[in-house]
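Undergrad: The structure that follows is given in the form of structure tokens.
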Amino acid sequence: MGRTLYEKLWDEHLVAAPEGEPALLYIDLHLVHEVTSPQAFDGLRLSNRVVRRPELTLATADHNVPTEPLSVSVADPTSQRQLEALEVNCKEFGVTLFPRGHENQGIVHVIGPELGATQPGMTIVCGDSHTSTHGAFGALAFGIGTSEVEHVLATQTVPQQKAKTMAVTVTGTLPEGVSAKDLVLAIVQRLGTGGGAGYVIEYRGPAISALSMEGRMTVCNMSIEAGARAGLIGVDAKTIDYLKGRPNIDMGKFDLLSQSWLGWVSDGDANFDHEVIIDASSLTPFMTWGTNPAQVVAIDGVVPDPATLSNSEERATAQRSLDYMGLLANTPMREIPVDVVFIGSCTNSRIEDLRAAAAVAAQGHVAPSVRALVVPGSHRVKKQAESEGLDQVFRNAGFEWREPGCSMCLGMNPDQLSPGQRSASTSNRNFEGRQGRNGRTHLLSPAVAAATAILGRFATPDEVSR
Amino acid sequence: MKPVSLVEGKAVALRRSDVDTDQIIPSEWLKRVERTGFGLGLFSEWREDAAFVLNQPQHQGASILVAGPRFGTGSSREHAVWALMDYGFGAIISSAFGDIFRNNSSKQGLVIVQLSAELVEQLQGIIEQSPQTPVLVDVRHLTVEVPEFDWSQPFAMDSMTQERLLQGWDDIGLTLRQSDSIDAYERTHASHALTATLRD
């Protein structure tokens with residue numbers, strides 16, 4: 001019997017499996033940011049412990065950083081204090097840090113892959129649930145809490161119960177105009193917010209192979225929204241091509257490395273505990289309508305009617321979501337106006353996402369009633385986009401072109417919705433208040449976000465070019 | 001971590017499903033660098049509504065939260081656990097939990113009790129009818145009891161989590177007993193040390 005990719009990664013990183021206790025897994029890369037680490041470093045100090053392997057640890061500032069020009073200082077003193085704490089902690093414990101303004105700074109899940117720190121066959125953790133993003137490289141990557149951050153800093157290991165395995169097999173081909181974001185929204189809708197609980201998901205099948213690395217990261221990124229611990233995609237030629245020449249890749253050993261990386265795939269005869277099959281060719285552009293990421297509807301559709309749900313609890317949940325979102329059942333999605341458009345986040349702020357949005361932005365101008373922000377995921381993405389002239393395309397079309405950071409994904413920095421504002425957002429969570437108190441978030445793809453900015457209501461790119 | 005063998009007190013029903021950690025502690029609270037004082041931020045947006053269940057006088061001082069399905073989904077923020085405990089909760093009962101939230105809880109001594117949706121519903125009914133009735137979450141015997149209603153149900157917990165709660169063990173201390181295994185692993189596996197390009 002062959003092994004799944006998850007089982008191979010597990011076996012390779014097993015340090016100890018004491019009877020009656022969780023197994024101990026070795027961690028190859030520990031990514032750190034300012035929000036979930038200060039209390040962990042404090043814990044080390046209190047116990048007189050050191051960081052066991054600082055050379056396997058990489059820190060950046062992303063959640064709190066303003067996305068205004070770098071000349072603007074951090075206005076919020078609590079944010080500033082947290083950013084300073086990260087600098088002090090990294091210096092004291094010998095951890096590499098890319099602070100605000102550094103050429104390598106950016107959203108932690110964007111810089112790991114683009115720097116080549118993320119590599120196939122690794123175990124990667126971060127005090128951030130979207131660490132699942134790195135699974136796109138055939139690495140076992142998952143989010144941990146602050147106590148576990150401290151544990152990894154001190155021991156370079158994490159205690160883990162072995163997860164079950166789920167294959168999400170995507171057959172067929174995505175239709176023109178349907179992106180990786182639409183695909184993962186469809187997957188989260190299908191599984192529900194708890195459907196992946198206890199599982200590590202491996203995405204496979206022809207429609208997954210056809211995705212670019214950026215698209216694969218978008219899909220793996222949102223695994224956690226279906227409750228899964230991690231998402232995985234097996235290594236292929238695209239993975240290798242993406243990593244070639246990245247700053248942290250030792251090109252002297254590249255042929256050897258890439259040969260070994262190609263082994264990080266599930267065996268042909270491996271068994272999964274559960275399999276879900278999705279036909280890519282049946283998908284259309286999707287968006288969320290409610291307050292959890294599984295509340296998904298086609299953009300061609302209408303606001304769902306809670307009355308049609310048979311289960312009373314689901315009915316109440318749906319009604320609560322509609323009330324919060326200020327929506328009436330059966331309203332066509334394309335008729336709903338928006339106030340803010342946000343293109344960014346660890347889900348959709350990579351160069352390919354910006355290219356997709358810019359292609360639409362080039363055909364029109366942001367509607368007068370809309371504020372539209374484009375926030376590149378990192379300085380490297382920003383620089384690349386500027387070298388392609390994308391910043392000019394966005395600016396000419398009335399979009400704001402910002403400095404990198406988590407920005408409006410989570411309301412920890414100045415980019416926030418005002419109460420009652422409705423956003424079209426390429427981020428990953430539409431929870432109540434996620435983008436600012438009483439803000440109303442709809443998740444969708446970069447191209448749809450750009451079209452929505454131009455038309456001032458939810459729209460697809462074909463409507464712009466018409 | 002402080003040992004915990006019994007959580008005893010009033011319970012309160014939170015009849016909402018998919019309560020994500022952004023609701024438990026909104027992100028504006030995450031800028032703090034301390035581990036304490038998060039109770040004020042617990043459900044802070046919902047608590048602005050006078051009708052919210054935690055604002056009702058009969059539920060003040062409750063130590064057990066009986067929540068709808070899929071409690072603690074979303075963000076990995078351990079601040080959610082700190083907020084619940086700082087407010088005074090010692091145990092959370094639901095039919096399903098977010099994976100990272102459950103892990104984080106076990107590190108802090110917040111007792112996670114998973115019961116079937118039907119039993120959670122039953123218990124919510126009981127405590128809504130009698131908000132003052134004492135509820136007992138017994139970590140030693142893995143039971144939830146409402147003595148005045150003769151209501152008692154077993155729940156499952158892996159033996160390691162149970163032992164850690166009962167003994168108040170520190171996870172890092174436990175792992176460091178395996179230092180030899182970690183050393184041996186590092187000797188026999190290639191290092192993934194970041195290259196000098198990033199370590200400048």
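Naming works like this for the structure tokens: A, B, ... for the chains as they're shown, residue 1 at the start of each chain, ligands 1 onward in shown order.
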At a cut-off of 9 Å, using only C-alpha atoms, what residues contact Glu34 of chain B? Leave out same-chain residues fewer than 6 positions from it and give the result as a list of chain:residue names.
TA: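 The filter keeps A:Pro38, A:Gln39, A:Asp42.
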Undergrad: How would the residues just picked look written out with N, CA and C atoms as a compact mmCIF listing (two decimals), in the first residue's frame?
TA:
```
# COMPACT_ATOMS: atom_id res chain seq x y z
N PRO A 38 4.58 38.13 20.52
CA PRO A 38 5.18 38.81 21.68
C PRO A 38 5.06 38.01 22.97
N GLN A 39 3.89 37.41 23.21
CA GLN A 39 3.71 36.65 24.45
C GLN A 39 4.55 35.38 24.45
N ASP A 42 8.04 36.46 25.37
CA ASP A 42 8.02 36.73 26.82
C ASP A 42 8.12 35.44 27.62
```
Undergrad: Got a sec: who's within 8 Å of segment 441-446 of chain A, counting only C-alpha atoms, leaving out chain neighbours fewer than 3 positions off, as a PyMOL selection string?
TA: chain A and resi 179+181-182+285-291+293+325+343+348+353-354+356-357+422-431+434-435+449-450
Undergrad: Go ahead and write the selection's residues with N, CA and C atoms as an mmCIF file, in the first residue's frame.
TA:
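The new file again.cif reads:
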```
data_model
loop_
_atom_site.group_PDB
_atom_site.id
_atom_site.type_symbol
_atom_site.label_atom_id
_atom_site.label_comp_id
_atom_site.auth_asym_id
_atom_site.auth_seq_id
_atom_site.Cartn_x
_atom_site.Cartn_y
_atom_site.Cartn_z
ATOM 1 N N SER A 179 -11.653 31.531 -11.832
ATOM 2 C CA SER A 179 -10.297 31.521 -11.284
ATOM 3 C C SER A 179 -10.152 30.554 -10.114
ATOM 4 N N LYS A 181 -9.729 31.377 -7.132
ATOM 5 C CA LYS A 181 -10.541 31.858 -6.020
ATOM 6 C C LYS A 181 -11.959 31.328 -6.108
ATOM 7 N N ASP A 182 -12.506 31.343 -7.325
ATOM 8 C CA ASP A 182 -13.854 30.803 -7.509
ATOM 9 C C ASP A 182 -13.884 29.317 -7.151
ATOM 10 N N PRO A 285 -18.047 32.193 -11.767
ATOM 11 C CA PRO A 285 -17.546 33.093 -10.728
ATOM 12 C C PRO A 285 -18.472 33.093 -9.507
ATOM 13 N N PHE A 286 -17.839 33.006 -8.327
ATOM 14 C CA PHE A 286 -18.600 32.941 -7.081
ATOM 15 C C PHE A 286 -18.268 34.114 -6.181
ATOM 16 N N MET A 287 -19.122 34.315 -5.176
ATOM 17 C CA MET A 287 -18.853 35.299 -4.128
ATOM 18 C C MET A 287 -19.576 34.841 -2.880
ATOM 19 N N THR A 288 -19.215 35.416 -1.732
ATOM 20 C CA THR A 288 -19.966 35.090 -0.524
ATOM 21 C C THR A 288 -21.085 36.102 -0.347
ATOM 22 N N TRP A 289 -22.149 35.670 0.322
ATOM 23 C CA TRP A 289 -23.273 36.575 0.586
ATOM 24 C C TRP A 289 -23.439 36.834 2.082
ATOM 25 N N GLY A 290 -22.847 35.973 2.927
ATOM 26 C CA GLY A 290 -23.136 36.033 4.359
ATOM 27 C C GLY A 290 -21.930 36.350 5.210
ATOM 28 N N THR A 291 -21.889 35.744 6.396
ATOM 29 C CA THR A 291 -20.851 36.079 7.369
ATOM 30 C C THR A 291 -19.964 34.888 7.714
ATOM 31 N N PRO A 293 -17.385 31.912 5.373
ATOM 32 C CA PRO A 293 -16.877 31.717 4.000
ATOM 33 C C PRO A 293 -17.544 30.564 3.241
ATOM 34 N N MET A 325 -25.652 41.625 7.124
ATOM 35 C CA MET A 325 -25.172 42.102 5.827
ATOM 36 C C MET A 325 -26.087 43.154 5.210
ATOM 37 N N ILE A 343 -8.310 44.781 -3.107
ATOM 38 C CA ILE A 343 -7.562 43.741 -3.825
ATOM 39 C C ILE A 343 -6.250 43.555 -3.081
ATOM 40 N N ASN A 348 -4.922 36.651 -2.256
ATOM 41 C CA ASN A 348 -4.904 37.187 -3.631
ATOM 42 C C ASN A 348 -4.128 38.498 -3.758
ATOM 43 N N ASP A 353 -2.400 37.760 -9.455
ATOM 44 C CA ASP A 353 -3.665 38.357 -9.032
ATOM 45 C C ASP A 353 -3.740 39.810 -9.507
ATOM 46 N N LEU A 354 -2.599 40.516 -9.366
ATOM 47 C CA LEU A 354 -2.585 41.932 -9.767
ATOM 48 C C LEU A 354 -2.707 42.058 -11.285
ATOM 49 N N ALA A 356 -4.340 40.005 -13.225
ATOM 50 C CA ALA A 356 -5.746 39.714 -13.572
ATOM 51 C C ALA A 356 -6.618 40.943 -13.304
ATOM 52 N N ALA A 357 -6.370 41.591 -12.165
ATOM 53 C CA ALA A 357 -7.180 42.775 -11.831
ATOM 54 C C ALA A 357 -6.850 43.932 -12.768
ATOM 55 N N ARG A 422 -20.076 48.381 2.592
ATOM 56 C CA ARG A 422 -20.062 47.062 1.955
ATOM 57 C C ARG A 422 -18.813 46.966 1.083
ATOM 58 N N SER A 423 -18.084 45.861 1.230
ATOM 59 C CA SER A 423 -16.871 45.702 0.433
ATOM 60 C C SER A 423 -16.931 44.484 -0.479
ATOM 61 N N ALA A 424 -16.244 44.621 -1.600
ATOM 62 C CA ALA A 424 -15.926 43.478 -2.462
ATOM 63 C C ALA A 424 -14.448 43.234 -2.215
ATOM 64 N N SER A 425 -14.110 42.066 -1.653
ATOM 65 C CA SER A 425 -12.769 41.857 -1.136
ATOM 66 C C SER A 425 -12.183 40.545 -1.636
ATOM 67 N N THR A 426 -10.900 40.591 -1.998
ATOM 68 C CA THR A 426 -10.262 39.354 -2.460
ATOM 69 C C THR A 426 -9.647 38.571 -1.303
ATOM 70 N N SER A 427 -9.995 38.937 -0.063
ATOM 71 C CA SER A 427 -9.419 38.273 1.108
ATOM 72 C C SER A 427 -10.122 36.954 1.398
ATOM 73 N N ASN A 428 -9.996 36.469 2.615
ATOM 74 C CA ASN A 428 -10.416 35.097 2.916
ATOM 75 C C ASN A 428 -11.518 34.960 3.957
ATOM 76 N N ARG A 429 -11.856 36.038 4.645
ATOM 77 C CA ARG A 429 -12.860 35.906 5.716
ATOM 78 C C ARG A 429 -13.876 37.022 5.659
ATOM 79 N N ASN A 430 -15.140 36.627 5.694
ATOM 80 C CA ASN A 430 -16.246 37.577 5.681
ATOM 81 C C ASN A 430 -16.930 37.606 7.035
ATOM 82 N N PHE A 431 -16.190 37.275 8.097
ATOM 83 C CA PHE A 431 -16.762 37.277 9.443
ATOM 84 C C PHE A 431 -17.275 38.671 9.804
ATOM 85 N N ARG A 434 -14.864 41.760 10.462
ATOM 86 C CA ARG A 434 -13.508 41.365 10.081
ATOM 87 C C ARG A 434 -12.719 42.526 9.468
ATOM 88 N N GLN A 435 -13.376 43.314 8.622
ATOM 89 C CA GLN A 435 -12.674 44.408 7.940
ATOM 90 C C GLN A 435 -12.917 45.753 8.607
ATOM 91 N N ALA A 449 -13.357 41.601 -8.522
ATOM 92 C CA ALA A 449 -13.232 42.795 -7.676
ATOM 93 C C ALA A 449 -13.006 44.028 -8.547
ATOM 94 N N ALA A 450 -12.139 43.905 -9.542
ATOM 95 C CA ALA A 450 -11.837 45.048 -10.406
ATOM 96 C C ALA A 450 -13.074 45.462 -11.203
#
```
Undergrad: Near Asp28 of chain A, counting only C-alpha atoms, which residues have an atom at most 7 Å away, once you skip same-chain residues fewer than 2 positions from it, shown as a PyMOL selection string?
TA: (chain A and resi 26+30+56+122-124) or (chain B and resi 192)
Undergrad: Write out as a list in words each polymer residue whose atoms come within 7 Å of Gly439 of chain A, counting only C-alpha atoms; drop sequence neighbours fewer than 6 positions from it.
TA: Leu417, Ser418, Pro419, Gly420, Gln421, Arg422 and Gly433 of chain A
Undergrad: Please write the residues from the selection above to a file, keeping N, CA, C and O atoms, as a compact mmCIF listing (two decimals), in the first residue's frame.
TA:
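Resulting contents of again-v2.txt:
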```txt
# COMPACT_ATOMS: atom_id res chain seq x y z
N LEU A 417 -13.06 49.20 7.01
CA LEU A 417 -14.38 49.66 6.58
C LEU A 417 -14.99 50.50 7.70
O LEU A 417 -14.73 50.26 8.87
N SER A 418 -15.82 51.46 7.33
CA SER A 418 -16.62 52.18 8.31
C SER A 418 -17.90 51.37 8.54
O SER A 418 -18.29 50.57 7.69
N PRO A 419 -18.56 51.59 9.68
CA PRO A 419 -19.78 50.83 9.95
C PRO A 419 -20.78 50.91 8.80
O PRO A 419 -21.03 52.01 8.28
N GLY A 420 -21.30 49.79 8.40
CA GLY A 420 -22.31 49.73 7.35
C GLY A 420 -21.76 49.69 5.94
O GLY A 420 -22.49 49.40 4.99
N GLN A 421 -20.46 49.98 5.77
CA GLN A 421 -19.90 49.94 4.41
C GLN A 421 -19.87 48.50 3.89
O GLN A 421 -19.62 47.56 4.64
N ARG A 422 -20.08 48.38 2.59
CA ARG A 422 -20.06 47.06 1.96
C ARG A 422 -18.81 46.97 1.08
O ARG A 422 -18.52 47.88 0.31
N GLY A 433 -17.49 42.08 11.26
CA GLY A 433 -16.48 43.01 11.77
C GLY A 433 -15.06 42.73 11.32
O GLY A 433 -14.14 43.41 11.75
```
Undergrad: So which residues touch Thr317 of chain A within 8 Å, counting only C-alpha atoms, skipping near sequence neighbours fewer than 4 positions away, as a list in words?
TA: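 My list of contacting residues is Glu313 and Ser321 of chain A; Arg16 and Ser17 of chain B.
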Undergrad: For the contact check between chain A and chain B, emit one row per residue of chain A within 7 Å, containing the shortest atom pair and the distance in Å rounded to one decimal, counting only C-alpha atoms, chain then rising number order, as a tab-separated table.
TA:
```
residue	atom	partner	partner_atom	distance
A:Val15	CA	B:Tyr185	CA	6.1
A:Ala16	CA	B:Ser181	CA	6.5
A:Gly20	CA	B:Met160	CA	6.5
A:Glu21	CA	B:Met160	CA	5.6
A:Asp28	CA	B:His192	CA	6.0
A:Val35	CA	B:Leu30	CA	6.4
A:Thr36	CA	B:Arg77	CA	6.8
A:Pro38	CA	B:Val33	CA	5.5
A:Gln39	CA	B:Val33	CA	6.2
A:Glu55	CA	B:Ala193	CA	5.2
A:Leu56	CA	B:Ala193	CA	5.2
A:Thr78	CA	B:Lys31	CA	5.9
A:Ser79	CA	B:Lys31	CA	5.7
A:Gln82	CA	B:Lys31	CA	6.2
A:Thr96	CA	B:Arg199	CA	6.0
A:Ala117	CA	B:Leu194	CA	6.9
A:Gly127	CA	B:Ser76	CA	6.5
A:Asp128	CA	B:Ser76	CA	5.4
A:Ser129	CA	B:Ser76	CA	5.0
A:Gly143	CA	B:Ser76	CA	6.3
A:Ile144	CA	B:Ser76	CA	6.0
A:Gly145	CA	B:Glu78	CA	5.2
A:Thr146	CA	B:Glu78	CA	5.8
A:Ser147	CA	B:Lys107	CA	6.6
A:His151	CA	B:Ile172	CA	5.6
A:Gly194	CA	B:Arg70	CA	6.5
A:Ala197	CA	B:Asp99	CA	6.5
A:Ile224	CA	B:Gly74	CA	6.9
A:Glu225	CA	B:Gly74	CA	6.5
A:Gly227	CA	B:Gly98	CA	6.6
A:Arg229	CA	B:Asp99	CA	6.9
A:Pro247	CA	B:Thr197	CA	6.4
A:Asn248	CA	B:Thr195	CA	5.6
A:Thr317	CA	B:Ser17	CA	6.9
A:Leu410	CA	B:Ser27	CA	6.9
A:Gly411	CA	B:Ser27	CA	6.5
A:Met412	CA	B:Glu28	CA	5.7
A:Arg434	CA	B:Asp22	CA	6.8
```
Undergrad: Include N, CA, C and O atoms and write out the residues we just selected as a compact mmCIF listing (two decimals), in the first residue's frame.
TA:
```
# COMPACT_ATOMS: atom_id res chain seq x y z
N VAL A 15 9.73 12.89 15.15
CA VAL A 15 10.87 12.87 16.08
C VAL A 15 10.66 11.77 17.12
O VAL A 15 11.58 11.03 17.45
N ALA A 16 9.47 11.68 17.62
CA ALA A 16 9.16 10.68 18.64
C ALA A 16 7.66 10.43 18.64
O ALA A 16 6.89 11.33 18.30
N GLY A 20 0.72 6.74 24.05
CA GLY A 20 -0.33 7.48 24.76
C GLY A 20 -0.16 8.99 24.72
O GLY A 20 -0.90 9.71 25.39
N GLU A 21 0.80 9.49 23.97
CA GLU A 21 0.98 10.94 23.87
C GLU A 21 0.93 11.34 22.40
O GLU A 21 1.13 10.51 21.53
N ASP A 28 10.69 22.51 10.09
CA ASP A 28 11.80 22.98 9.24
C ASP A 28 11.82 24.49 9.07
O ASP A 28 12.86 25.07 8.80
N VAL A 35 1.93 39.79 15.63
CA VAL A 35 0.72 39.71 16.44
C VAL A 35 0.71 38.52 17.40
O VAL A 35 0.32 38.65 18.55
N THR A 36 1.14 37.36 16.92
CA THR A 36 1.00 36.15 17.73
C THR A 36 2.31 35.73 18.39
O THR A 36 2.40 34.64 18.94
N PRO A 38 4.58 38.13 20.52
CA PRO A 38 5.18 38.81 21.68
C PRO A 38 5.06 38.01 22.97
O PRO A 38 6.02 37.91 23.75
N GLN A 39 3.89 37.41 23.21
CA GLN A 39 3.71 36.65 24.45
C GLN A 39 4.55 35.38 24.45
O GLN A 39 4.93 34.88 25.51
N GLU A 55 18.15 29.89 12.90
CA GLU A 55 18.38 29.85 11.45
C GLU A 55 17.24 29.13 10.70
O GLU A 55 17.24 29.09 9.47
N LEU A 56 16.27 28.59 11.44
CA LEU A 56 15.08 28.01 10.81
C LEU A 56 13.86 28.90 11.06
O LEU A 56 12.72 28.48 10.88
N THR A 78 -0.43 51.49 19.95
CA THR A 78 -0.41 50.05 20.31
C THR A 78 0.16 49.22 19.16
O THR A 78 0.88 48.25 19.38
N SER A 79 -0.15 49.61 17.93
CA SER A 79 0.45 48.93 16.77
C SER A 79 1.96 49.14 16.77
O SER A 79 2.74 48.21 16.55
N GLN A 82 3.67 47.00 19.24
CA GLN A 82 3.77 45.60 18.83
C GLN A 82 4.86 45.41 17.78
O GLN A 82 5.61 44.43 17.82
N THR A 96 16.09 36.38 12.09
CA THR A 96 16.06 37.29 10.95
C THR A 96 14.69 37.95 10.85
O THR A 96 13.67 37.26 10.87
N ALA A 117 12.05 30.43 0.80
CA ALA A 117 12.18 29.86 2.15
C ALA A 117 11.26 28.65 2.26
O ALA A 117 11.58 27.65 2.89
N GLY A 127 2.20 31.33 13.58
CA GLY A 127 1.05 31.67 14.41
C GLY A 127 0.02 32.41 13.60
O GLY A 127 -0.26 33.58 13.83
N ASP A 128 -0.52 31.70 12.62
CA ASP A 128 -1.46 32.30 11.67
C ASP A 128 -2.15 31.18 10.91
O ASP A 128 -1.47 30.34 10.33
N SER A 129 -3.46 31.19 10.91
CA SER A 129 -4.19 30.04 10.36
C SER A 129 -4.01 29.90 8.85
O SER A 129 -4.19 28.80 8.32
N GLY A 143 -1.32 26.41 10.82
CA GLY A 143 -1.32 27.49 11.79
C GLY A 143 -1.30 26.96 13.21
O GLY A 143 -1.82 25.87 13.48
N ILE A 144 -0.68 27.72 14.11
CA ILE A 144 -0.59 27.34 15.51
C ILE A 144 -0.90 28.56 16.37
O ILE A 144 -0.86 29.68 15.92
N GLY A 145 -1.21 28.30 17.65
CA GLY A 145 -1.46 29.38 18.59
C GLY A 145 -0.17 29.85 19.24
O GLY A 145 0.90 29.29 19.00
N THR A 146 -0.30 30.88 20.06
CA THR A 146 0.90 31.49 20.65
C THR A 146 1.66 30.54 21.58
O THR A 146 2.90 30.55 21.61
N SER A 147 0.96 29.70 22.34
CA SER A 147 1.66 28.73 23.19
C SER A 147 2.50 27.79 22.34
O SER A 147 3.61 27.42 22.71
N HIS A 151 6.47 27.04 21.98
CA HIS A 151 6.95 25.65 21.99
C HIS A 151 7.92 25.39 20.83
O HIS A 151 8.97 24.76 21.01
N GLY A 194 -17.09 23.37 8.70
CA GLY A 194 -16.54 22.32 9.58
C GLY A 194 -16.21 21.04 8.84
O GLY A 194 -15.71 20.09 9.44
N ALA A 197 -12.75 19.52 9.24
CA ALA A 197 -12.21 19.39 10.60
C ALA A 197 -11.60 18.00 10.81
O ALA A 197 -12.23 16.99 10.50
N ILE A 224 -8.29 26.32 5.59
CA ILE A 224 -8.72 26.52 6.98
C ILE A 224 -10.17 26.99 7.03
O ILE A 224 -10.87 26.75 8.02
N GLU A 225 -10.65 27.64 5.97
CA GLU A 225 -12.05 28.12 5.99
C GLU A 225 -13.03 26.95 5.90
O GLU A 225 -14.22 27.12 6.20
N GLY A 227 -12.26 24.36 7.68
CA GLY A 227 -11.96 23.70 8.96
C GLY A 227 -10.77 22.76 8.92
O GLY A 227 -10.43 22.16 9.94
N ARG A 229 -6.92 21.33 8.79
CA ARG A 229 -5.68 21.79 9.40
C ARG A 229 -4.71 22.30 8.35
O ARG A 229 -4.00 23.27 8.58
N PRO A 247 15.74 33.75 -3.91
CA PRO A 247 16.91 34.12 -3.10
C PRO A 247 17.43 33.03 -2.16
O PRO A 247 18.63 32.92 -1.95
N ASN A 248 16.53 32.26 -1.57
CA ASN A 248 16.99 31.28 -0.58
C ASN A 248 17.32 29.92 -1.20
O ASN A 248 17.60 28.95 -0.48
N THR A 317 -29.41 30.99 11.42
CA THR A 317 -28.06 31.45 11.10
C THR A 317 -28.07 32.28 9.82
O THR A 317 -27.46 33.36 9.76
N LEU A 410 -8.06 42.40 7.72
CA LEU A 410 -8.42 42.08 9.11
C LEU A 410 -8.53 43.23 10.09
O LEU A 410 -8.61 43.00 11.28
N GLY A 411 -8.53 44.46 9.63
CA GLY A 411 -8.82 45.54 10.57
C GLY A 411 -7.86 45.70 11.73
O GLY A 411 -8.27 46.04 12.83
N MET A 412 -6.57 45.47 11.50
CA MET A 412 -5.59 45.73 12.57
C MET A 412 -4.70 46.92 12.24
O MET A 412 -3.76 47.21 12.95
N ARG A 434 -14.86 41.76 10.46
CA ARG A 434 -13.51 41.37 10.08
C ARG A 434 -12.72 42.53 9.47
O ARG A 434 -11.55 42.71 9.73
```
Undergrad: Work out how far atom CA of Lys164 of chain A is from atom CA of Ala139 of chain A, in Å to one decimal.
TA: 16.4 Å
Undergrad: Neighbours of Val360 of chain A within 12 Å (only C-alpha atoms; same-chain residues fewer than 2 positions away dropped), as JSON, numbers by chain?
TA: {"A": [177, 353, 354, 355, 356, 357, 358, 362, 363, 364, 365, 366, 390, 393, 394, 397, 399, 445, 446, 447, 448, 449, 450, 451, 452, 453, 454, 455, 459, 460, 461, 462, 463, 464, 465, 466]}
Undergrad: What are the DSSP strand (DSSP E or B) residues of segment 28-189 of chain B, as a list in words?
TA: Ile64, Leu65, Val66, Ala67, Phe71, Thr73, Ala91, Ile92, Ile93, Ser94, Phe97, Val111, Ile112, Val113, Gln114, Val135, Leu136, Val137, Asp138, Thr143, Val144, Glu145, Val146, Trp151, Ser152, Gln153 and Pro154 of chain B
Undergrad: List as an MDAnalysis selection string the protein and nucleic acid residues near Ile278 of chain A, meaning an atom at most 8 Å away when only C-alpha atoms are counted, but skip any in the same chain fewer than 3 places from it.
TA: chainID A and resid 168:171 187
Undergrad: Determine which residues of chain B DSSP labels as helix (DSSP H, G or I) from the backbone of this structure, then write them out as a ChimeraX atom specification.
TA: /B:21-24,27-31,38-41,44-47,53-55,57-59,79-87,99-108,117-129,147-149,159-167,171-176,179-188,196-199
Undergrad: Between atom CA of Gly234 of chain A and atom CA of Trp264 of chain A, what is the distance in Å, rounded to a tenth?
TA: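 So the two atoms, atom CA of Gly234 of chain A and atom CA of Trp264 of chain A, lie 6.0 Å apart.
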Undergrad: Under the rule that only C-alpha atoms are counted, which of A:Glu335, A:Glu12, A:Asp273, A:Asp279 is the nearest residue to Gly172 of chain A?
TA: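 Among A:Glu335, A:Glu12, A:Asp273, A:Asp279, it is A:Asp279 that comes nearest to Gly172 of chain A.
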